[in-house]
>>> print(open('entry.csv').read())   # CSV, C-alpha atoms
chain,number,residue,atom,x,y,z
W,1,MET,CA,-42.9,-10.9,8.3
W,2,ASN,CA,-39.8,-8.9,9.1
W,3,THR,CA,-38.2,-8.3,12.4
W,4,SER,CA,-34.6,-8.1,13.7
W,5,CYS,CA,-32.3,-10.3,15.7
W,6,LYS,CA,-32.1,-9.1,19.3
W,7,GLU,CA,-28.5,-10.5,19.6
W,8,CYS,CA,-26.8,-9.0,16.6
W,9,GLY,CA,-29.4,-6.6,15.0
W,10,ALA,CA,-29.5,-8.3,11.6
W,11,ALA,CA,-32.7,-8.4,9.7
W,12,LEU,CA,-34.7,-11.5,10.5
W,13,ALA,CA,-37.3,-12.7,8.0
W,14,VAL,CA,-40.1,-14.9,9.5
W,15,PRO,CA,-42.0,-16.9,6.8
W,16,ASN,CA,-45.5,-15.7,6.2
W,17,ASP,CA,-46.8,-19.2,6.9
W,18,ALA,CA,-45.0,-19.6,10.2
W,19,ILE,CA,-46.9,-21.1,13.0
W,20,VAL,CA,-46.6,-20.7,16.8
W,21,GLY,CA,-43.9,-22.9,18.2
W,22,GLU,CA,-41.8,-22.8,15.0
W,23,ILE,CA,-38.1,-22.1,15.3
W,24,VAL,CA,-36.4,-19.4,13.2
W,25,SER,CA,-32.8,-18.6,13.3
W,26,CYS,CA,-30.7,-15.5,12.4
W,27,LYS,CA,-28.5,-15.9,9.4
W,28,ASP,CA,-25.7,-13.7,10.8
W,29,CYS,CA,-25.3,-15.2,14.3
W,30,SER,CA,-27.6,-18.2,14.2
W,31,THR,CA,-29.4,-17.3,17.4
W,32,GLU,CA,-32.6,-19.3,17.5
W,33,TYR,CA,-36.0,-17.9,18.3
W,34,GLU,CA,-39.4,-19.6,18.8
W,35,VAL,CA,-42.5,-18.0,17.4
W,36,ALA,CA,-44.5,-17.1,20.5
W,37,GLU,CA,-47.4,-15.3,19.0
W,38,ILE,CA,-48.8,-14.1,15.7
W,39,THR,CA,-51.3,-11.3,15.8
W,40,ASN,CA,-52.6,-9.4,12.7
W,41,GLY,CA,-49.4,-10.2,10.8
W,42,ASN,CA,-47.1,-9.1,13.7
W,43,VAL,CA,-44.9,-11.8,15.1
W,44,LEU,CA,-43.6,-12.1,18.6
W,45,LEU,CA,-40.4,-14.1,19.1
W,46,LYS,CA,-38.9,-15.5,22.3
W,47,PRO,CA,-35.4,-16.9,22.6
W,48,ALA,CA,-35.4,-20.6,21.9
W,49,GLU,CA,-33.7,-23.0,24.3
W,50,GLN,CA,-30.1,-23.7,23.3
W,51,VAL,CA,-27.7,-26.2,24.5
W,52,GLY,CA,-24.2,-24.9,25.2
W,53,GLU,CA,-21.1,-26.8,24.5
W,54,ASP,CA,-18.7,-28.0,27.2
W,55,TRP,CA,-15.3,-26.6,26.1
W,56,GLY,CA,-13.5,-28.0,29.2
W,57,GLU,CA,-14.4,-25.2,31.6
D,1,MET,CA,-3.3,-7.2,-20.5
D,2,VAL,CA,-1.3,-5.5,-17.8
D,3,ARG,CA,2.4,-6.6,-17.6
D,4,VAL,CA,3.4,-7.5,-14.1
D,5,GLY,CA,6.7,-8.6,-12.5
D,6,VAL,CA,7.3,-10.3,-9.2
D,7,LEU,CA,10.6,-9.3,-7.6
D,8,ALA,CA,12.0,-12.1,-5.3
D,9,ALA,CA,9.5,-14.6,-6.6
D,10,SER,CA,11.1,-17.7,-5.1
D,11,GLY,CA,9.9,-17.3,-1.5
D,12,TYR,CA,6.5,-18.3,-0.2
D,13,ILE,CA,4.9,-14.9,-0.8
D,14,GLY,CA,6.5,-14.8,-4.3
D,15,GLY,CA,5.0,-18.2,-4.9
D,16,GLU,CA,1.6,-17.2,-3.8
D,17,LEU,CA,1.8,-14.0,-6.0
D,18,LEU,CA,2.7,-16.2,-9.0
D,19,ARG,CA,-0.1,-18.8,-8.3
D,20,LEU,CA,-2.7,-16.1,-8.0
D,21,LEU,CA,-1.5,-13.8,-10.8
D,22,LEU,CA,-1.3,-16.8,-13.2
D,23,GLN,CA,-5.1,-17.1,-12.8
D,24,HIS,CA,-5.8,-13.4,-12.9
D,25,PRO,CA,-7.7,-12.6,-16.2
D,26,GLU,CA,-6.3,-9.1,-16.6
D,27,VAL,CA,-2.6,-9.6,-16.2
D,28,GLU,CA,0.4,-11.3,-17.8
D,29,ILE,CA,3.5,-12.2,-15.8
D,30,THR,CA,6.4,-10.9,-17.7
D,31,ALA,CA,9.1,-11.3,-15.1
D,32,ALA,CA,9.6,-13.4,-12.0
D,33,THR,CA,13.0,-12.7,-10.5
D,34,SER,CA,15.3,-14.6,-8.2
D,35,ARG,CA,19.0,-14.0,-7.5
D,36,LYS,CA,19.5,-17.6,-6.4
D,37,TYR,CA,17.3,-19.4,-9.1
D,38,ALA,CA,17.9,-17.2,-12.1
D,39,GLY,CA,17.5,-19.3,-15.3
D,40,GLU,CA,15.5,-22.1,-13.5
D,41,TYR,CA,11.9,-23.0,-14.2
D,42,VAL,CA,9.6,-21.5,-11.6
D,43,PHE,CA,7.9,-24.9,-11.1
D,44,ARG,CA,11.2,-26.4,-9.8
D,45,VAL,CA,11.0,-24.0,-6.8
D,46,HIS,CA,7.2,-23.9,-6.6
D,47,PRO,CA,6.2,-27.4,-7.5
D,48,ASN,CA,2.5,-26.7,-7.2
D,49,LEU,CA,2.8,-24.6,-10.4
D,50,ARG,CA,4.1,-27.5,-12.6
D,51,GLY,CA,2.0,-27.8,-15.8
D,52,ILE,CA,0.6,-24.3,-15.2
D,53,THR,CA,3.5,-22.2,-16.3
D,54,GLU,CA,6.7,-22.5,-18.3
D,55,LEU,CA,8.0,-19.2,-16.8
D,56,LYS,CA,11.7,-19.1,-15.7
D,57,PHE,CA,13.2,-17.0,-13.0
D,58,SER,CA,15.3,-14.0,-14.2
D,59,PRO,CA,17.9,-12.0,-12.3
D,60,ASN,CA,16.9,-9.1,-9.9
D,61,ASP,CA,17.7,-6.5,-12.5
D,62,PRO,CA,15.7,-3.3,-12.0
D,63,SER,CA,16.6,-1.8,-15.4
D,64,LYS,CA,15.1,-4.9,-17.2
D,65,LEU,CA,11.9,-4.6,-15.1
D,66,THR,CA,11.3,-1.0,-16.1
D,67,SER,CA,11.1,-2.0,-19.8
D,68,SER,CA,9.2,-5.2,-19.4
D,69,THR,CA,6.6,-4.4,-16.7
D,70,ASP,CA,3.8,-1.9,-15.8
D,71,VAL,CA,3.4,-3.1,-12.3
D,72,VAL,CA,5.9,-4.7,-9.9
D,73,PHE,CA,5.2,-6.7,-6.8
D,74,ALA,CA,8.3,-6.6,-4.6
D,75,ALA,CA,8.6,-9.5,-2.2
D,76,LEU,CA,12.2,-8.7,-1.0
D,77,PRO,CA,13.3,-8.9,2.6
D,78,HIS,CA,13.2,-5.8,4.8
D,79,GLY,CA,16.2,-3.6,4.1
D,80,GLU,CA,16.7,-5.1,0.6
D,81,SER,CA,13.6,-3.6,-0.9
D,82,VAL,CA,14.7,-0.1,-0.1
D,83,LYS,CA,17.8,-0.7,-2.3
D,84,ILE,CA,15.8,-1.6,-5.4
D,85,VAL,CA,12.3,-0.2,-5.2
D,86,PRO,CA,13.3,3.5,-5.4
D,87,GLN,CA,14.7,2.8,-8.9
D,88,LEU,CA,11.4,1.3,-10.0
D,89,ALA,CA,9.4,4.2,-8.4
D,90,ASP,CA,11.6,6.8,-10.0
D,91,ALA,CA,11.1,5.1,-13.4
D,92,GLY,CA,7.4,5.7,-13.0
D,93,LEU,CA,6.3,2.0,-12.5
D,94,ARG,CA,3.5,1.2,-10.2
D,95,VAL,CA,5.0,-0.7,-7.3
D,96,ILE,CA,3.4,-2.8,-4.6
D,97,ASP,CA,5.9,-3.5,-1.9
D,98,LEU,CA,5.4,-6.3,0.5
D,99,SER,CA,8.4,-5.5,2.8
D,100,ALA,CA,8.3,-3.2,5.7
D,101,ASP,CA,10.6,-0.6,4.0
D,102,PHE,CA,7.8,1.7,2.9
D,103,ARG,CA,5.0,0.9,5.5
D,104,LEU,CA,5.8,3.5,8.1
D,105,SER,CA,5.1,7.1,7.1
D,106,ASP,CA,7.5,8.6,9.7
D,107,LYS,CA,11.2,8.2,8.8
D,108,GLY,CA,12.0,8.6,12.5
D,109,GLU,CA,10.4,5.3,13.2
D,110,TYR,CA,12.9,3.3,11.1
D,111,PRO,CA,16.0,3.5,13.3
D,112,SER,CA,14.1,2.3,16.4
D,113,TRP,CA,11.9,-0.5,14.7
D,114,TYR,CA,14.2,-1.6,11.9
D,115,GLY,CA,17.6,-0.4,12.8
D,116,TYR,CA,18.4,1.8,9.8
D,117,ASP,CA,18.0,5.3,8.7
D,118,HIS,CA,15.7,5.4,5.7
D,119,PRO,CA,17.7,6.4,2.6
D,120,ARG,CA,14.6,7.7,0.7
D,121,PRO,CA,12.3,9.4,3.2
D,122,ASP,CA,10.8,11.4,0.3
D,123,LEU,CA,9.2,8.2,-0.9
D,124,LEU,CA,7.5,7.4,2.4
D,125,GLU,CA,4.9,10.1,1.9
D,126,LYS,CA,4.2,8.8,-1.6
D,127,PHE,CA,3.5,5.2,-0.5
D,128,VAL,CA,0.0,4.3,0.7
D,129,LEU,CA,-0.2,1.6,3.4
D,130,SER,CA,-3.0,-0.4,1.8
D,131,VAL,CA,-5.8,-1.9,3.9
D,132,PRO,CA,-8.5,-1.6,1.2
D,133,GLU,CA,-11.3,-2.2,3.6
D,134,ILE,CA,-10.2,1.0,5.4
D,135,ASN,CA,-8.6,3.2,2.8
D,136,ARG,CA,-10.0,1.9,-0.5
D,137,GLU,CA,-10.2,5.4,-2.1
D,138,GLN,CA,-6.6,6.3,-1.2
D,139,VAL,CA,-5.4,3.0,-2.8
D,140,LYS,CA,-7.4,3.7,-6.0
D,141,GLY,CA,-5.4,6.8,-6.6
D,142,ALA,CA,-2.0,5.4,-5.6
D,143,ARG,CA,0.9,4.5,-7.8
D,144,LEU,CA,3.0,3.3,-4.9
D,145,VAL,CA,1.6,0.9,-2.3
D,146,ALA,CA,3.0,-0.8,0.8
D,147,SER,CA,1.1,-3.9,1.9
D,148,PRO,CA,1.0,-4.3,5.7
D,149,GLY,CA,2.6,-7.2,7.6
D,150,CYS,CA,0.5,-10.3,7.9
D,151,MET,CA,-0.1,-10.0,11.7
D,152,ALA,CA,-0.5,-6.2,11.4
D,153,ILE,CA,-3.3,-6.3,8.8
D,154,THR,CA,-5.1,-9.1,10.7
D,155,ALA,CA,-5.0,-7.0,13.8
D,156,ILE,CA,-5.8,-3.7,12.1
D,157,LEU,CA,-9.0,-5.1,10.5
D,158,ALA,CA,-10.4,-6.2,13.8
D,159,LEU,CA,-9.3,-3.1,15.7
D,160,ALA,CA,-9.8,-0.1,13.4
D,161,PRO,CA,-13.6,0.1,13.6
D,162,LEU,CA,-13.4,-0.1,17.4
D,163,LEU,CA,-10.9,2.7,17.6
D,164,LYS,CA,-12.8,4.9,15.1
D,165,GLU,CA,-16.1,4.7,17.1
D,166,LYS,CA,-15.5,7.0,20.0
D,167,SER,CA,-18.8,6.0,21.8
D,168,LEU,CA,-17.3,2.6,22.7
D,169,GLY,CA,-14.8,4.4,25.0
D,170,ILE,CA,-11.8,2.2,24.3
D,171,ASP,CA,-8.8,2.8,26.5
D,172,ARG,CA,-6.2,3.8,23.8
D,173,GLU,CA,-3.2,3.4,26.0
D,174,HIS,CA,-3.8,-0.3,26.8
D,175,ILE,CA,-4.5,-2.4,23.7
D,176,VAL,CA,-3.0,-5.9,23.8
D,177,VAL,CA,-2.5,-7.8,20.5
D,178,ASP,CA,-1.8,-11.5,20.9
D,179,ALA,CA,-0.8,-13.3,17.7
D,180,LYS,CA,-0.5,-17.0,16.8
D,181,VAL,CA,1.0,-17.7,13.4
D,182,GLY,CA,1.8,-20.7,11.3
D,183,SER,CA,5.3,-21.8,10.1
D,184,SER,CA,5.0,-20.2,6.6
D,185,GLY,CA,5.1,-16.8,8.3
D,186,ALA,CA,8.8,-17.4,8.9
D,187,GLY,CA,9.5,-17.6,5.2
D,188,GLY,CA,11.0,-20.4,3.1
D,189,LYS,CA,14.6,-20.2,4.3
D,190,PRO,CA,15.3,-23.1,6.7
D,191,SER,CA,16.9,-22.7,10.1
D,192,LEU,CA,17.2,-24.8,13.3
D,193,SER,CA,14.0,-23.2,14.7
D,194,THR,CA,12.1,-24.2,11.5
D,195,HIS,CA,13.5,-27.7,11.5
D,196,PHE,CA,10.5,-30.1,11.6
D,197,SER,CA,11.6,-31.8,14.9
D,198,GLU,CA,11.9,-28.4,16.6
D,199,ARG,CA,9.0,-26.7,15.0
D,200,PHE,CA,6.3,-29.4,15.1
D,201,SER,CA,3.9,-29.2,18.0
D,202,VAL,CA,5.2,-25.9,19.4
D,203,VAL,CA,3.4,-23.1,21.0
D,204,ARG,CA,6.5,-21.0,21.0
D,205,PRO,CA,6.4,-17.4,22.3
D,206,TYR,CA,8.9,-16.1,19.8
D,207,LYS,CA,8.3,-12.4,20.3
D,208,PRO,CA,6.5,-11.8,23.6
D,209,ALA,CA,7.3,-8.0,23.5
D,210,GLY,CA,8.4,-5.4,21.1
D,211,HIS,CA,7.1,-7.0,17.8
D,212,ARG,CA,7.7,-4.7,14.8
D,213,HIS,CA,4.2,-5.0,13.5
D,214,ALA,CA,3.0,-2.9,16.5
D,215,ALA,CA,4.4,0.1,14.7
D,216,GLU,CA,2.1,-0.4,11.7
D,217,ILE,CA,-0.9,-1.2,13.8
D,218,GLU,CA,-0.3,2.0,15.9
D,219,GLN,CA,0.1,4.1,12.8
D,220,VAL,CA,-3.3,3.0,11.3
D,221,LEU,CA,-5.2,3.0,14.6
D,222,ALA,CA,-3.9,6.5,15.5
D,223,ALA,CA,-5.3,7.7,12.1
D,224,MET,CA,-8.6,6.0,12.9
D,225,ALA,CA,-8.8,7.4,16.5
D,226,GLY,CA,-7.5,10.8,15.6
D,227,GLU,CA,-5.0,10.6,18.5
D,228,LYS,CA,-2.1,8.5,19.7
D,229,VAL,CA,-2.7,4.8,20.4
D,230,LYS,CA,-0.4,2.4,22.2
D,231,VAL,CA,-0.3,-1.3,21.2
D,232,SER,CA,1.4,-4.1,23.2
D,233,MET,CA,2.0,-7.1,21.1
D,234,SER,CA,3.0,-10.7,21.7
D,235,ALA,CA,3.6,-13.3,18.9
D,236,HIS,CA,3.6,-17.1,19.1
D,237,ALA,CA,4.6,-19.7,16.6
D,238,VAL,CA,2.0,-22.5,16.6
D,239,ASN,CA,1.4,-25.8,14.9
D,240,MET,CA,0.0,-24.7,11.6
D,241,VAL,CA,1.6,-24.2,8.2
D,242,ARG,CA,-0.7,-21.3,7.2
D,243,GLY,CA,-2.9,-19.0,9.2
D,244,ILE,CA,-3.0,-16.3,11.8
D,245,LEU,CA,-5.3,-15.9,14.8
D,246,ILE,CA,-5.1,-12.5,16.5
D,247,THR,CA,-6.7,-12.1,19.9
D,248,SER,CA,-6.9,-8.5,20.8
D,249,HIS,CA,-7.8,-7.3,24.3
D,250,LEU,CA,-9.3,-3.8,24.7
D,251,PHE,CA,-10.6,-2.2,27.9
D,252,THR,CA,-13.6,0.1,28.3
D,253,ALA,CA,-14.7,2.2,31.3
D,254,THR,CA,-18.1,0.6,31.1
D,255,ALA,CA,-19.0,-2.7,29.5
D,256,VAL,CA,-20.1,-2.4,25.9
D,257,LYS,CA,-23.1,-4.3,24.5
D,258,PRO,CA,-22.8,-6.9,21.8
D,259,LEU,CA,-25.4,-5.1,19.6
D,260,ASP,CA,-23.2,-1.9,19.7
D,261,VAL,CA,-20.1,-3.8,18.6
D,262,TRP,CA,-22.0,-5.5,15.8
D,263,LYS,CA,-23.2,-2.1,14.6
D,264,VAL,CA,-19.7,-0.7,14.6
D,265,TYR,CA,-18.3,-3.6,12.6
D,266,ARG,CA,-21.2,-3.5,10.1
D,267,SER,CA,-20.9,0.3,9.6
D,268,MET,CA,-17.3,-0.1,8.4
D,269,TYR,CA,-17.5,-3.5,6.6
D,270,THR,CA,-20.9,-3.8,5.0
D,271,GLY,CA,-20.1,-4.2,1.3
D,272,SER,CA,-16.5,-5.4,1.9
D,273,TYR,CA,-16.5,-8.9,0.4
D,274,PHE,CA,-13.3,-10.0,2.1
D,275,VAL,CA,-14.4,-9.3,5.7
D,276,ARG,CA,-16.8,-11.7,7.3
D,277,LEU,CA,-18.3,-11.2,10.7
D,278,VAL,CA,-18.3,-14.5,12.7
D,279,ARG,CA,-20.0,-14.7,16.0
D,280,ASP,CA,-22.1,-17.7,15.8
D,281,LYS,CA,-24.3,-19.3,18.4
D,282,GLN,CA,-24.0,-22.8,17.0
D,283,GLY,CA,-21.5,-25.3,15.7
D,284,PRO,CA,-17.8,-25.8,16.4
D,285,PHE,CA,-16.7,-22.6,14.6
D,286,ARG,CA,-18.4,-19.9,16.7
D,287,LEU,CA,-15.6,-17.4,16.4
D,288,PRO,CA,-12.8,-16.8,13.8
D,289,ASP,CA,-10.5,-19.7,13.2
D,290,PRO,CA,-7.6,-19.6,10.7
D,291,LYS,CA,-8.7,-23.1,9.6
D,292,LEU,CA,-11.7,-21.6,7.9
D,293,VAL,CA,-9.8,-19.0,5.9
D,294,VAL,CA,-6.9,-21.0,4.6
D,295,GLY,CA,-6.5,-20.6,0.8
D,296,SER,CA,-8.5,-17.4,0.6
D,297,ASN,CA,-8.3,-13.6,0.9
D,298,PHE,CA,-10.9,-13.5,3.7
D,299,CYS,CA,-10.4,-12.0,7.1
D,300,ASP,CA,-12.9,-13.3,9.6
D,301,ILE,CA,-13.7,-11.1,12.6
D,302,GLY,CA,-15.6,-11.8,15.8
D,303,PHE,CA,-15.7,-10.6,19.4
D,304,GLU,CA,-16.7,-11.4,22.9
D,305,ILE,CA,-17.3,-9.2,25.9
D,306,GLU,CA,-16.3,-9.8,29.5
D,307,GLU,CA,-18.6,-7.4,31.5
D,308,ARG,CA,-17.0,-8.0,34.9
D,309,THR,CA,-13.6,-6.5,33.8
D,310,GLY,CA,-14.8,-4.2,31.0
D,311,ARG,CA,-12.8,-6.3,28.5
D,312,LEU,CA,-13.7,-6.5,24.8
D,313,VAL,CA,-11.9,-9.4,23.1
D,314,ALA,CA,-11.7,-8.9,19.3
D,315,LEU,CA,-10.7,-11.9,17.3
D,316,SER,CA,-9.5,-12.0,13.7
D,317,ALA,CA,-8.2,-14.8,11.4
D,318,THR,CA,-6.5,-14.7,8.0
D,319,ASP,CA,-4.3,-16.9,5.7
D,320,ASN,CA,-1.0,-15.1,6.4
D,321,LEU,CA,0.2,-15.7,2.8
D,322,ILE,CA,-3.0,-14.4,1.1
D,323,LYS,CA,-4.9,-11.6,3.0
D,324,GLY,CA,-1.7,-11.3,5.0
D,325,ALA,CA,0.5,-10.8,1.9
D,326,ALA,CA,-0.1,-11.8,-1.8
D,327,GLY,CA,-3.9,-11.5,-1.8
D,328,ASN,CA,-4.0,-8.1,-0.2
D,329,ALA,CA,-1.3,-6.9,-2.6
D,330,ILE,CA,-3.3,-8.2,-5.7
D,331,GLN,CA,-6.5,-6.6,-4.2
D,332,SER,CA,-4.6,-3.4,-4.0
D,333,MET,CA,-3.4,-3.7,-7.6
D,334,ASN,CA,-7.0,-4.3,-8.7
D,335,LEU,CA,-8.0,-1.1,-7.1
D,336,MET,CA,-5.0,0.9,-8.5
D,337,LEU,CA,-5.8,-0.3,-12.0
D,338,GLY,CA,-9.6,0.2,-11.8
D,339,PHE,CA,-10.5,-3.6,-11.8
D,340,ASP,CA,-13.1,-5.1,-9.5
D,341,GLU,CA,-11.1,-5.6,-6.3
D,342,LYS,CA,-12.1,-9.3,-6.2
D,343,THR,CA,-10.7,-10.1,-9.6
D,344,GLY,CA,-8.5,-13.2,-9.4
D,345,ILE,CA,-8.8,-13.6,-5.6
D,346,ALA,CA,-12.4,-14.3,-4.9
D,347,MET,CA,-11.9,-18.0,-4.2
D,348,ALA,CA,-13.6,-19.7,-1.2
D,349,PRO,CA,-11.4,-21.0,1.6
D,350,LEU,CA,-10.4,-24.7,1.7
D,351,HIS,CA,-12.3,-27.0,4.0
D,352,PRO,CA,-11.3,-29.2,5.6
D,353,VAL,CA,-7.5,-28.6,5.8
>>> encode(input="entry.csv", output="structure tokens")
Amino acid sequence: MNTSCKECGAALAVPNDAIVGEIVSCKDCSTEYEVAEITNGNVLLKPAEQVGEDWGE
Amino acid sequence: MVRVGVLAASGYIGGELLRLLLQHPEVEITAATSRKYAGEYVFRVHPNLRGITELKFSPNDPSKLTSSTDVVFAALPHGESVKIVPQLADAGLRVIDLSADFRLSDKGEYPSWYGYDHPRPDLLEKFVLSVPEINREQVKGARLVASPGCMAITAILALAPLLKEKSLGIDREHIVVDAKVGSSGAGGKPSLSTHFSERFSVVRPYKPAGHRHAAEIEQVLAAMAGEKVKVSMSAHAVNMVRGILITSHLFTATAVKPLDVWKVYRSMYTGSYFVRLVRDKQGPFRLPDPKLVVGSNFCDIGFEIEERTGRLVALSATDNLIKGAAGNAIQSMNLMLGFDEKTGIAMAPLHPV
């Protein structure tokens, strides 16, 4: 199943055997998405929770 | 095999040219010159080459080079190259010059930036300032090439796509280029400022205004933008031996979106092996860092956007001696001679360093 990364626009391939709740990440920018829904071969992704780093701000 | 010579081969750039050319499958080094070390084994000056070559330095004699070489890399200082390179060019040799003496296409720029009147302005229009990722086709057809300064090429690669794309609405009058460079950028000749006790641990603003590389950057960016561009540049010496990080600040009337900037970079650099786009959401290296390009011909490029002020921050990192000098010169030679541009320089960066 192919879609694109909402952050950087790169092609994002979701494995055909992916299941709801699975995490996929973009190879270009490593933004992580959670598989929210799969309907008739179409996949709906939502941003996965990510922990930011503290750089001394 | 193509016969190549390296003029002024005893400096750091000369040493990198020799190291890389010795491993290049299509060339044979027939001359490595040095006024100071003529007659000496190359590995006595470049000890990393011990056991790899028995080559000796020869004197800087242009007439000998014309008979023994097909291509010459000139790593002479600014102002010295212009005294020797014209003889090689007039003799029909292919020349790749790494000084600033043939980088600027307008002879009128030399007195103000370099303090001399150019003695051979006729050659300036024959030299191609080579940034292969931007003007690959021009380089392919060239016999005479000037390789940009290390900070200049690192800045140019990050900025050129942004200036070319008009829809981003970049303010062309206010572009700030902030450079941080390692000690090898100052060359191999020691001085008080390069003495370990004085150089170690510094973040020294050695040229906060008026850096010469701004002239090259403006020249290339103006060609991209189709109109005049003004670049303000500051350079700092930092605590590295190799590497450059350029942080460029650009301003737009309205904030640009990350997706738009990704598209702009991909449109120019897709298919360019030596440019890597780095804007990662995870790990310690989320944006370009010279630490991850050392030993390679890569230029890593990334960006960040500050919506509140309409600021676009473009970041780029190179190994100053490779993509910033010897690697870019060899990439240019590969194109000039019809080789794959990666030949001899496709190595991965070192990690960790």
>>> closest_atom_pairs(input="entry.csv", of="range 241-260 of chain D", to="range 292-301 of chain D", cutoff="10 Å", atoms="all atoms listed in the file", output="CSV")
residue,atom,partner,partner_atom,distance
D:Val241,CA,D:Val294,CA,9.8
D:Arg242,CA,D:Val294,CA,6.7
D:Gly243,CA,D:Val294,CA,6.4
D:Ile244,CA,D:Val293,CA,9.4
D:Leu245,CA,D:Asp300,CA,9.6
D:Ile246,CA,D:Ile301,CA,9.5
>>> residues_near_point(input="entry.csv", point="(-16.9, -14.4, -3.4)", cutoff="10 Å", atoms="all atoms listed in the file", output="VMD selection string")
chain D and resid 273 to 274 296 to 298 342 to 343 345 to 349
>>> residues_around(input="entry.csv", residues="Leu44 in chain W", least_positions_apart="3", cutoff="10 Å", atoms="all atoms listed in the file", output="list of chain:residue names")
W:Thr3, W:Val20, W:Tyr33, W:Glu34, W:Val35, W:Ala36, W:Glu37, W:Ile38, W:Thr39, W:Gly41
>>> residues_around(input="entry.csv", residues="Asp90 in chain D", least_positions_apart="5", cutoff="12 Å", atoms="only C-alpha atoms", output="VMD selection string")
chain D and resid 62 to 63 66 84 to 85 95 120 122 to 123 126 143 to 144
>>> interface_residues(input="entry.csv", of="chain D", to="chain W", cutoff="8 Å", atoms="only C-alpha atoms", output="PyMOL selection string")
chain D and resi 258-259+262-263+277-282
>>> atom_distance(input="entry.csv", atom1="CA of Arg3 in chain D", atom2="CA of Val72 in chain D")
8.7 Å
>>> atom_distance(input="entry.csv", atom1="CA of Asp101 in chain D", atom2="CA of Gly115 in chain D")
11.2 Å
>>> closest_residue(input="entry.csv", among="D:Arg212, D:Arg19, D:Arg286, D:Lys166", to="Met151 in chain D", atoms="all atoms listed in the file")
D:Arg212
>>> residues_near_point(input="entry.csv", point="(0.9, -2.3, 24.0)", cutoff="10 Å", atoms="only C-alpha atoms", output="list in words")
Arg172, Glu173, His174, Ile175, Val176, Val177, Ala209, Gly210, His211, Ala214, Glu218, Val229, Lys230, Val231, Ser232, Met233 and Ser234 of chain D
>>> atom_distance(input="entry.csv", atom1="CA of Gly108 in chain D", atom2="CA of Val145 in chain D")
19.7 Å
>>> residues_around(input="entry.csv", residues="Ala31 in chain D", least_positions_apart="2", cutoff="12 Å", atoms="only C-alpha atoms", output="number ranges by chain")
D: 3-9, 14, 17-18, 21-22, 27-29, 33-34, 38-39, 42, 54-62, 64-74
>>> residues_around(input="entry.csv", residues="Ile322 in chain D", least_positions_apart="2", cutoff="8 Å", atoms="all atoms listed in the file", output="list in words")
Glu16, Gly295, Ser296, Asn297, Thr318, Asp319, Asn320, Gly324, Ala325, Ala326, Gly327 and Asn328 of chain D
>>> closest_residue(input="entry.csv", among="D:Thr252, D:Tyr37, D:His46, D:Ala186", to="Leu162 in chain D", atoms="only C-alpha atoms")
D:Thr252
>>> closest_residue(input="entry.csv", among="D:Arg266, D:Lys257, D:His213, D:His236", to="Tyr114 in chain D", atoms="only C-alpha atoms")
D:His213
>>> residues_around(input="entry.csv", residues="Leu124 in chain D", least_positions_apart="3", cutoff="12 Å", atoms="only C-alpha atoms", output="MDAnalysis selection string")
chainID D and resid 82 85:86 89 97 100:110 118:121 127:129 144:146
>>> closest_residue(input="entry.csv", among="D:Gly169, D:Gly302, D:Gly283, D:Gly51", to="Ala255 in chain D", atoms="all atoms listed in the file")
D:Gly169
